[in-house]
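Asks: Can you read through this structure? Questions will come right after.
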Amino acid sequence: MNQLLRQLPRFALAAATFAGLAVSLRAQEMELIPSGPLTYDQKTGEVVATEGAQIQYGEWLLSAETIRFNQQTGEAAATGDVVFSRSDLRLVADSLDYKPKEQFARARNFRAGNGLYYVDGSLLEGNPDNFRFEDINFYPGEPGTFLFIARAGELAIVDQNEIRGKRLFFKVGAVPFLLIPNITQPLDAETNLFKPTLDYSGHIGALVGAEALVPVTDHVRLGGNVALSSKRGILAGPAASYAFDTPGSTTNGSIISGYIKDQEDPGLDVDGEEIDEDRYFAEWRHQQSWSGNRANISAYARYWSDSEVTRDFYEESFDRMQNPDSYLEANYNADNWQLSFFSRAALGEFQTYTERLPEVRFTYFPTNLGHGFSHSGFLSAAALQKKDDFDLNLNSTKLDAAYRLDWNRTLAEGVGLRLTAGARGLRYEDAETYYLRYNLNDPSGTIATWGKSSGSKAYGELGADLNFKASATFDFKNETWNIEGIRHIIEPRISYRYVPELSYDDSLGIPESPAYAIYGPPFGQSMLYADNGAFASYLPTLDLADRRDSDNIREDHKVRFELRNRIQTRQKNGGSRDLARFDLSADYYLPGSEYAAEYYSLVNFDIELTPAPWLELGLFTRLDPEDGLSVQEFNPRVSIQDEGYWRVTFGSHFLDGVSNLNAVNFRSLNPIYSWQTWPNYGRSWPEYRNLRLEQYFAHLEYQFSENLKLYGTARYDDQTGVFYEQRIGIMQRALDAYGLKYELRIYDGDRREDDFGISIGIDLFDE
């Protein structure tokens, strides 16, 4: 909100001509333009003009019923229907006095606006370095009954460096957000002073909240986070922000927290466990760098009492990340290598991702050896931990090392060849495994298995990438679609990879348990597969050293085909714009690939069409070549817009899965190719959920003005047959980059939120 405080005096300064009438303005540059009788006051030496006289101040024009003007000093006093205007600005007042030698001005009962901001007040007086306002009101855009208002009993700028205010009051329509009795802070402070929220939802009730920060030094802001819920009680906690800049380093960060003793039944968490009434969250963000980023630290810690606390009371954080991730990373960056320390911890009891406590890594970046050769590699050591499905913390120590040698050569214009060879080895120490198998005849009967594994495995890599690039131009014009010539750029690429298994310790296996004839497949967790990657529908990374799913690496032998196309046209103001982009990619497994025994590559299409600035079409789809090119994923979208006025978007998400996973076991888990094994979807025995996804959405935006935007969103789920989310809202610009958001939400289906909600809060104003 400091930005708002800076806008108040700066805008009023311009409105009162402090910015327009600087030291360079002299009396001889002012011209009195009478429209009625003129008289001369011998006592004061002033010319008195009546009946709508005017004074021209360069590009400024002053008009009033009566103007008293001293030609010797340039001083002017205007009364009655005073209007002071420029092409981009207008001020109206009961009276206006101006003394150019002192650069002093005074306006009484003034109103000013420029389309973006509107200000009114009882008094404005001072000079460019020191001036003050009394009873000032500030509105973004035109004043409105239900729109944002900032008020101050007194506001002053001291030495163009410091804001001093009394009785600052902020509200939306008739609803107050915050009252600040007194404030003193630097004019150039960057941290928002407060961030208010008004919200209503059936499961929370009416909620009024604000994050308020008060400057205690030029670099530190301290305050708190408060939210009052009519159903749940009061949530409160400390908040702070800091920023330090020195010649050798830059540091910034923030802290926000909250605690509430929930007065209602909090319900169940993501694991189906009952949530305790004592609920809290704390989040810390920190960024620091030294000597032009030679060394840096990045940290983000999120500590939640339960998986739903921010969903209920701090939606902004929950929308960014539903599973709170906490990490600390420190890097030292040399010219061609990096030493890093990385720690990732699951602070909440409900979290299940792989923790690194910590990981130390040395990375040697690709370095030229001459004659087209370069080499690179890394070495890392990590202490891993992960909570399994039975609330057991499983541990392992893991070493990971890789080395790669590349050779690059341009064979001809637009033709490049890359040959690569390398190896990667992994070492596990005491990798723990725990799982259950259910009796097929009696699901309540289980066999538990636990064990530790230590050993190593290593893989080699041989590969080649053949890249082509060609283009052609065509003299084609179409005024309707704003096409001025066409250029087609085509980039085919063929890649070959052979990844043999160099060594594999037999001890690296899942402990044996009863046969499948009696018991079903294993259901649990093994630290031998802690780094098995995350769900992704795109093809995985090719190079062995770049794969993050290191525990999913197996023998592989394949060829990847990629075809990239771009069609462009000239822009009228120079440069080019894309009319179309069409990418096709697929893997073909060769004999010797372990993946080929159970998995097949899907053909990936990624298409974007922009035939005109007002029309955008996009499509990403994956087809199954083993099943008659059946559609496995289909994500189309269409956008029509009149840029700067309105935009309409339609689209859908389709992802095909299976109704059961009876064939799933530890050795066959492959989340890259099988989205049904993505852990976020959860599984229970003996019935696995149907993992088919089919949803549709529509989004509308309408820009009434630079400061006011209407938007609406609707989302429909075909599997349940409900519109599971509908939103309609208004965004009103309150600052340069921030806006007030007024939103109505309607939900349907089985979800935590109530089916109706409204909110008012500050958000980024997305252009």
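Residue numbers start at 1 in each chain; chains themselves are named A, B, ... in the order of the structure tokens; ligands are numbered from 1 in the order shown.
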Please identify all polymer residues within 7 Å of Gly248 in chain A, counting only C-alpha atoms, omitting same-chain residues fewer than 2 positions from it, and present them as a list in words.

Replies: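 The residues that qualify are Thr246, Trp290 and Ser291 of chain A.
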
Asks: Among the residues of range 49-143 of chain A, find those DSSP assigns to strand (DSSP E) from the backbone and print them as a PyMOL selection string.

Replies: chain A and resi 49-57+60-69+76-86+89-99+104-113+117-126+131-140

Asks: Do you know which residues are at most 8 Å from range 486-501 of chain A counting only C-alpha atoms, after dropping those on the same chain fewer than 6 positions away, and could you put them as a PyMOL selection string?

Replies: chain A and resi 457-476+542+544+554-570

Asks: Find the spatial neighbours of Gln385 in chain A, counting only C-alpha atoms, within a cut-off of 7 Å - ignore same-chain residues fewer than 5 positions away - and output them as a PyMOL selection string.

Replies: chain A and resi 354-356+393-396

Asks: Measure the distance from CA of Ser380 in chain A to CA of Ala401 in chain A in Å and round it to one decimal.

Replies: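 Calculated distance between CA of Ser380 in chain A and CA of Ala401 in chain A is 6.3 Å.
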
Asks: How many Å lie between CA of Asp81 in chain A and CA of Ile157 in chain A, rounded to one decimal?

Replies: 27.6 Å

Asks: For CA of Ala301 in chain A and CA of Trp284 in chain A, quote the distance in Å rounded to one decimal.

Replies: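 Calculated distance between CA of Ala301 in chain A and CA of Trp284 in chain A is 5.1 Å.
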
Asks: As a PyMOL selection string, please: the residues near Asp94 in chain A (cut-off 10 Å, only C-alpha atoms, same-chain neighbours under 6 positions excluded).

Replies: chain A and resi 64+78-83+107-111+122

Asks: Next, dump the selected residues to file, keeping only all heavy atoms, as a short mmCIF file (atom, residue, chain, number, x, y, z; two decimals), in the first residue's frame.

Replies:
```
data_model
loop_
_atom_site.label_atom_id
_atom_site.label_comp_id
_atom_site.auth_asym_id
_atom_site.auth_seq_id
_atom_site.Cartn_x
_atom_site.Cartn_y
_atom_site.Cartn_z
N ALA A 64 -10.99 31.06 -13.95
CA ALA A 64 -11.79 31.25 -12.75
C ALA A 64 -12.70 32.45 -12.95
O ALA A 64 -12.53 33.24 -13.89
CB ALA A 64 -10.88 31.47 -11.54
N ALA A 78 -6.81 32.82 -7.61
CA ALA A 78 -8.05 32.58 -8.36
C ALA A 78 -9.14 32.14 -7.40
O ALA A 78 -8.90 31.33 -6.50
CB ALA A 78 -7.82 31.54 -9.43
N THR A 79 -10.35 32.65 -7.62
CA THR A 79 -11.49 32.25 -6.78
C THR A 79 -12.70 32.06 -7.67
O THR A 79 -12.84 32.72 -8.71
CB THR A 79 -11.80 33.31 -5.71
OG1 THR A 79 -12.02 34.59 -6.35
CG2 THR A 79 -10.66 33.45 -4.73
N GLY A 80 -13.60 31.17 -7.23
CA GLY A 80 -14.85 30.96 -7.94
C GLY A 80 -14.70 30.08 -9.17
O GLY A 80 -14.11 30.52 -10.16
N ASP A 81 -15.21 28.87 -9.12
CA ASP A 81 -15.16 27.94 -10.26
C ASP A 81 -13.76 27.85 -10.86
O ASP A 81 -13.56 27.97 -12.07
CB ASP A 81 -16.17 28.36 -11.34
CG ASP A 81 -17.60 28.25 -10.86
OD1 ASP A 81 -17.87 27.38 -10.01
OD2 ASP A 81 -18.44 29.03 -11.34
N VAL A 82 -12.77 27.60 -10.00
CA VAL A 82 -11.39 27.51 -10.47
C VAL A 82 -11.19 26.19 -11.22
O VAL A 82 -11.53 25.11 -10.73
CB VAL A 82 -10.40 27.59 -9.28
CG1 VAL A 82 -8.98 27.42 -9.77
CG2 VAL A 82 -10.57 28.92 -8.56
N VAL A 83 -10.62 26.29 -12.40
CA VAL A 83 -10.28 25.11 -13.20
C VAL A 83 -8.84 25.26 -13.66
O VAL A 83 -8.49 26.24 -14.31
CB VAL A 83 -11.21 24.95 -14.42
CG1 VAL A 83 -10.79 23.72 -15.23
CG2 VAL A 83 -12.66 24.83 -13.98
N ALA A 107 -4.56 25.10 -2.62
CA ALA A 107 -5.87 24.90 -3.21
C ALA A 107 -6.83 24.47 -2.11
O ALA A 107 -6.49 23.63 -1.27
CB ALA A 107 -5.81 23.83 -4.30
N ARG A 108 -8.03 25.09 -2.13
CA ARG A 108 -9.04 24.76 -1.12
C ARG A 108 -10.23 24.07 -1.79
O ARG A 108 -10.66 24.49 -2.87
CB ARG A 108 -9.50 26.02 -0.39
CG ARG A 108 -8.39 26.70 0.41
CD ARG A 108 -8.94 27.87 1.24
NE ARG A 108 -7.87 28.56 1.97
CZ ARG A 108 -7.39 28.16 3.14
NH1 ARG A 108 -7.89 27.05 3.71
NH2 ARG A 108 -6.43 28.83 3.75
N ASN A 109 -10.72 23.02 -1.09
CA ASN A 109 -11.86 22.25 -1.59
C ASN A 109 -11.64 21.86 -3.06
O ASN A 109 -12.39 22.24 -3.96
CB ASN A 109 -13.16 23.05 -1.44
CG ASN A 109 -13.49 23.33 0.01
OD1 ASN A 109 -13.22 22.52 0.89
ND2 ASN A 109 -14.05 24.50 0.27
N PHE A 110 -10.59 21.10 -3.27
CA PHE A 110 -10.17 20.77 -4.64
C PHE A 110 -10.64 19.36 -5.02
O PHE A 110 -10.87 18.50 -4.19
CB PHE A 110 -8.65 20.87 -4.77
CG PHE A 110 -7.91 19.79 -4.03
CD1 PHE A 110 -7.56 18.59 -4.66
CD2 PHE A 110 -7.55 19.96 -2.70
CE1 PHE A 110 -6.88 17.61 -3.98
CE2 PHE A 110 -6.87 18.98 -2.01
CZ PHE A 110 -6.54 17.79 -2.64
N ARG A 111 -10.74 19.17 -6.34
CA ARG A 111 -11.01 17.87 -6.94
C ARG A 111 -10.12 17.76 -8.17
O ARG A 111 -10.02 18.71 -8.95
CB ARG A 111 -12.49 17.73 -7.33
CG ARG A 111 -13.45 17.99 -6.18
CD ARG A 111 -14.90 17.80 -6.60
NE ARG A 111 -15.29 18.63 -7.74
CZ ARG A 111 -15.60 19.91 -7.67
NH1 ARG A 111 -15.54 20.54 -6.49
NH2 ARG A 111 -15.97 20.58 -8.73
N SER A 122 -9.97 18.97 1.28
CA SER A 122 -10.31 20.33 1.71
C SER A 122 -9.14 21.29 1.55
O SER A 122 -9.35 22.49 1.40
CB SER A 122 -10.77 20.31 3.18
OG SER A 122 -9.70 19.87 4.03
#
```

Asks: Looking at A:Gln571, A:Thr610, A:Asn70, A:Ser229, which one is nearest to Asp199 in chain A, with distances taken over only C-alpha atoms?

Replies: A:Ser229

Asks: So that I can see what lies close to Asp306 in chain A, please list as a ChimeraX atom specification the residues with an atom at most 9 Å from it, counting only C-alpha atoms and leaving out residues fewer than 2 positions away in the same chain.

Replies: /A:269-270,275-276,279-281,303-304,308-310,348-350

Asks: For the residues in the current selection, export all heavy atoms as a compact mmCIF listing (two decimals), in the first residue's frame.

Replies:
```txt
# COMPACT_ATOMS: atom_id res chain seq x y z
N ASP A 269 -8.65 -34.23 6.71
CA ASP A 269 -7.55 -33.76 5.89
C ASP A 269 -7.43 -34.61 4.63
O ASP A 269 -8.28 -35.47 4.36
CB ASP A 269 -6.24 -33.73 6.68
CG ASP A 269 -5.74 -35.12 7.06
OD1 ASP A 269 -6.33 -36.12 6.60
OD2 ASP A 269 -4.75 -35.21 7.81
N VAL A 270 -6.37 -34.41 3.87
CA VAL A 270 -6.20 -35.08 2.59
C VAL A 270 -6.03 -36.59 2.76
O VAL A 270 -6.29 -37.36 1.85
CB VAL A 270 -4.99 -34.48 1.84
CG1 VAL A 270 -3.69 -34.83 2.53
CG2 VAL A 270 -4.97 -34.92 0.39
N ILE A 275 -9.14 -33.40 11.54
CA ILE A 275 -8.29 -32.23 11.77
C ILE A 275 -8.51 -31.71 13.18
O ILE A 275 -9.66 -31.57 13.63
CB ILE A 275 -8.60 -31.13 10.73
CG1 ILE A 275 -8.32 -31.64 9.32
CG2 ILE A 275 -7.81 -29.87 11.02
CD1 ILE A 275 -8.73 -30.67 8.22
N ASP A 276 -7.42 -31.42 13.87
CA ASP A 276 -7.50 -30.91 15.23
C ASP A 276 -8.01 -29.47 15.22
O ASP A 276 -7.82 -28.73 14.24
CB ASP A 276 -6.13 -30.98 15.90
CG ASP A 276 -6.20 -30.67 17.38
OD1 ASP A 276 -6.60 -31.56 18.14
OD2 ASP A 276 -5.87 -29.52 17.75
N ARG A 279 -5.37 -24.97 14.84
CA ARG A 279 -4.91 -24.92 13.46
C ARG A 279 -4.00 -23.70 13.27
O ARG A 279 -4.24 -22.63 13.83
CB ARG A 279 -6.10 -24.85 12.50
CG ARG A 279 -7.13 -25.93 12.76
CD ARG A 279 -8.29 -25.84 11.80
NE ARG A 279 -7.89 -26.18 10.45
CZ ARG A 279 -8.68 -26.05 9.37
NH1 ARG A 279 -9.91 -25.55 9.52
NH2 ARG A 279 -8.26 -26.38 8.18
N TYR A 280 -2.98 -23.86 12.44
CA TYR A 280 -2.01 -22.78 12.27
C TYR A 280 -1.24 -22.99 10.98
O TYR A 280 -1.23 -24.08 10.39
CB TYR A 280 -1.04 -22.75 13.45
CG TYR A 280 -0.47 -24.10 13.80
CD1 TYR A 280 0.65 -24.63 13.15
CD2 TYR A 280 -1.07 -24.88 14.79
CE1 TYR A 280 1.14 -25.88 13.45
CE2 TYR A 280 -0.57 -26.13 15.12
CZ TYR A 280 0.54 -26.62 14.44
OH TYR A 280 1.03 -27.87 14.76
N PHE A 281 -0.59 -21.93 10.55
CA PHE A 281 0.33 -22.00 9.42
C PHE A 281 1.39 -20.92 9.59
O PHE A 281 1.17 -19.89 10.25
CB PHE A 281 -0.39 -21.83 8.08
CG PHE A 281 -0.94 -20.44 7.84
CD1 PHE A 281 -0.15 -19.46 7.26
CD2 PHE A 281 -2.23 -20.12 8.22
CE1 PHE A 281 -0.65 -18.18 7.05
CE2 PHE A 281 -2.73 -18.85 8.02
CZ PHE A 281 -1.94 -17.87 7.43
N TYR A 303 4.90 -24.31 6.93
CA TYR A 303 4.56 -25.20 8.03
C TYR A 303 3.08 -25.08 8.29
O TYR A 303 2.61 -24.04 8.78
CB TYR A 303 5.38 -24.85 9.27
CG TYR A 303 5.16 -25.77 10.44
CD1 TYR A 303 5.09 -27.15 10.26
CD2 TYR A 303 5.00 -25.27 11.73
CE1 TYR A 303 4.89 -28.00 11.33
CE2 TYR A 303 4.80 -26.11 12.81
CZ TYR A 303 4.74 -27.49 12.60
OH TYR A 303 4.54 -28.33 13.66
N TRP A 304 2.32 -26.11 7.96
CA TRP A 304 0.87 -26.11 8.11
C TRP A 304 0.48 -27.16 9.15
O TRP A 304 1.03 -28.26 9.18
CB TRP A 304 0.16 -26.45 6.80
CG TRP A 304 0.41 -25.50 5.68
CD1 TRP A 304 1.16 -24.37 5.70
CD2 TRP A 304 -0.11 -25.62 4.35
NE1 TRP A 304 1.15 -23.76 4.48
CE2 TRP A 304 0.37 -24.51 3.62
CE3 TRP A 304 -0.93 -26.53 3.71
CZ2 TRP A 304 0.06 -24.30 2.29
CZ3 TRP A 304 -1.24 -26.33 2.37
CH2 TRP A 304 -0.75 -25.23 1.68
N GLU A 308 -5.56 -28.50 5.04
CA GLU A 308 -6.65 -27.62 4.62
C GLU A 308 -6.62 -26.24 5.27
O GLU A 308 -7.50 -25.43 4.99
CB GLU A 308 -7.99 -28.28 4.94
CG GLU A 308 -8.11 -29.73 4.51
CD GLU A 308 -7.91 -29.92 3.02
OE1 GLU A 308 -8.39 -29.08 2.25
OE2 GLU A 308 -7.26 -30.91 2.62
N VAL A 309 -5.66 -25.93 6.12
CA VAL A 309 -5.72 -24.69 6.89
C VAL A 309 -5.62 -23.47 5.98
O VAL A 309 -6.36 -22.49 6.15
CB VAL A 309 -4.64 -24.67 7.99
CG1 VAL A 309 -3.24 -24.73 7.41
CG2 VAL A 309 -4.80 -23.44 8.87
N THR A 310 -4.72 -23.48 5.00
CA THR A 310 -4.64 -22.32 4.10
C THR A 310 -5.80 -22.31 3.11
O THR A 310 -6.21 -21.26 2.64
CB THR A 310 -3.31 -22.29 3.35
OG1 THR A 310 -3.15 -23.51 2.62
CG2 THR A 310 -2.15 -22.14 4.32
N GLY A 348 4.87 -30.94 7.39
CA GLY A 348 3.54 -31.35 7.84
C GLY A 348 3.42 -32.86 7.96
O GLY A 348 4.01 -33.61 7.18
N GLU A 349 2.62 -33.31 8.93
CA GLU A 349 2.42 -34.74 9.14
C GLU A 349 1.69 -35.39 7.96
O GLU A 349 1.78 -36.61 7.77
CB GLU A 349 1.62 -34.97 10.42
CG GLU A 349 2.36 -34.58 11.70
CD GLU A 349 3.60 -35.44 11.91
OE1 GLU A 349 3.56 -36.63 11.57
OE2 GLU A 349 4.60 -34.90 12.41
N PHE A 350 0.98 -34.62 7.18
CA PHE A 350 0.18 -35.15 6.09
C PHE A 350 0.96 -35.24 4.78
O PHE A 350 0.42 -35.70 3.77
CB PHE A 350 -1.05 -34.25 5.86
CG PHE A 350 -0.68 -32.81 5.63
CD1 PHE A 350 -0.44 -32.32 4.35
CD2 PHE A 350 -0.55 -31.93 6.70
CE1 PHE A 350 -0.09 -31.00 4.15
CE2 PHE A 350 -0.20 -30.61 6.50
CZ PHE A 350 0.03 -30.14 5.23
```

Asks: With only C-alpha atoms as the basis for distance, which of A:Gly224, A:Ile260, A:Gly253, A:Arg320 is at the shortest distance from Ser298 in chain A?

Replies: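 Closest residue, counting only C-alpha atoms: A:Gly253.
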
Asks: Which residue gives the smallest distance to Gly422 in chain A among A:Ala239, A:Ala402, A:Val603, A:Ala346, with only C-alpha atoms counted?

Replies: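 So, comparing all the options, the nearest one is A:Ala402.
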
Asks: Pick the closest to Gly233 in chain A from A:Ser249, A:Ser305, A:Gln338, A:Gln263: which is it, counting only C-alpha atoms?

Replies: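 Checking each candidate against Gly233 in chain A, we get A:Gln263 as the closest.
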
Asks: Which residue, A:Thr66, A:Asn441, A:Ser456, A:Gln525, has the smallest gap to Asp391 in chain A when you use only C-alpha atoms?

Replies: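 Of A:Thr66, A:Asn441, A:Ser456, A:Gln525, the one nearest Asp391 in chain A is A:Gln525, counting only C-alpha atoms.
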
Asks: Which of these residues is nearest to Asp505 in chain A, using only C-alpha atoms: A:Gly455, A:Gly592, A:Pro613, A:Gly237?

Replies: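 Closest to Asp505 in chain A of all the choices is A:Gly455.
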
Asks: Need to verify the contact set: range 641-654 of chain A, 7 Å, only C-alpha atoms, exclusion of same-chain residues closer than 4 positions in sequence. Can you return it as a list in words?

Replies: Trp614, Leu615, Glu633, Phe634, Asn635, Pro636, Arg637, Leu693, Glu694, Gln695, Tyr696, Phe697, Ala698, His699, Leu700, Glu701, Tyr702, Gln703 and Phe704 of chain A

Asks: Next, the residues of the selection above should be written as an mmCIF file, in the first residue's frame with C-alpha atoms.

Replies:
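The resulting file, again-v9.cif, is reproduced below:
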```cif
data_model
loop_
_atom_site.group_PDB
_atom_site.id
_atom_site.type_symbol
_atom_site.label_atom_id
_atom_site.label_comp_id
_atom_site.auth_asym_id
_atom_site.auth_seq_id
_atom_site.Cartn_x
_atom_site.Cartn_y
_atom_site.Cartn_z
ATOM 1 C CA TRP A 614 -7.946 -11.748 -32.540
ATOM 2 C CA LEU A 615 -7.961 -15.566 -32.838
ATOM 3 C CA GLU A 633 -5.040 -37.154 -23.984
ATOM 4 C CA PHE A 634 -6.861 -34.319 -25.722
ATOM 5 C CA ASN A 635 -6.574 -30.679 -24.603
ATOM 6 C CA PRO A 636 -8.006 -28.161 -27.110
ATOM 7 C CA ARG A 637 -8.623 -24.457 -26.532
ATOM 8 C CA LEU A 693 -10.617 -37.260 -16.671
ATOM 9 C CA GLU A 694 -12.970 -35.246 -18.875
ATOM 10 C CA GLN A 695 -13.576 -31.585 -18.061
ATOM 11 C CA TYR A 696 -14.650 -28.471 -19.966
ATOM 12 C CA PHE A 697 -14.148 -24.789 -19.203
ATOM 13 C CA ALA A 698 -15.094 -21.338 -20.479
ATOM 14 C CA HIS A 699 -13.603 -17.979 -19.528
ATOM 15 C CA LEU A 700 -14.751 -14.443 -20.368
ATOM 16 C CA GLU A 701 -13.041 -11.094 -19.779
ATOM 17 C CA TYR A 702 -14.463 -7.678 -20.635
ATOM 18 C CA GLN A 703 -12.426 -4.499 -20.166
ATOM 19 C CA PHE A 704 -14.726 -1.566 -19.437
#
```
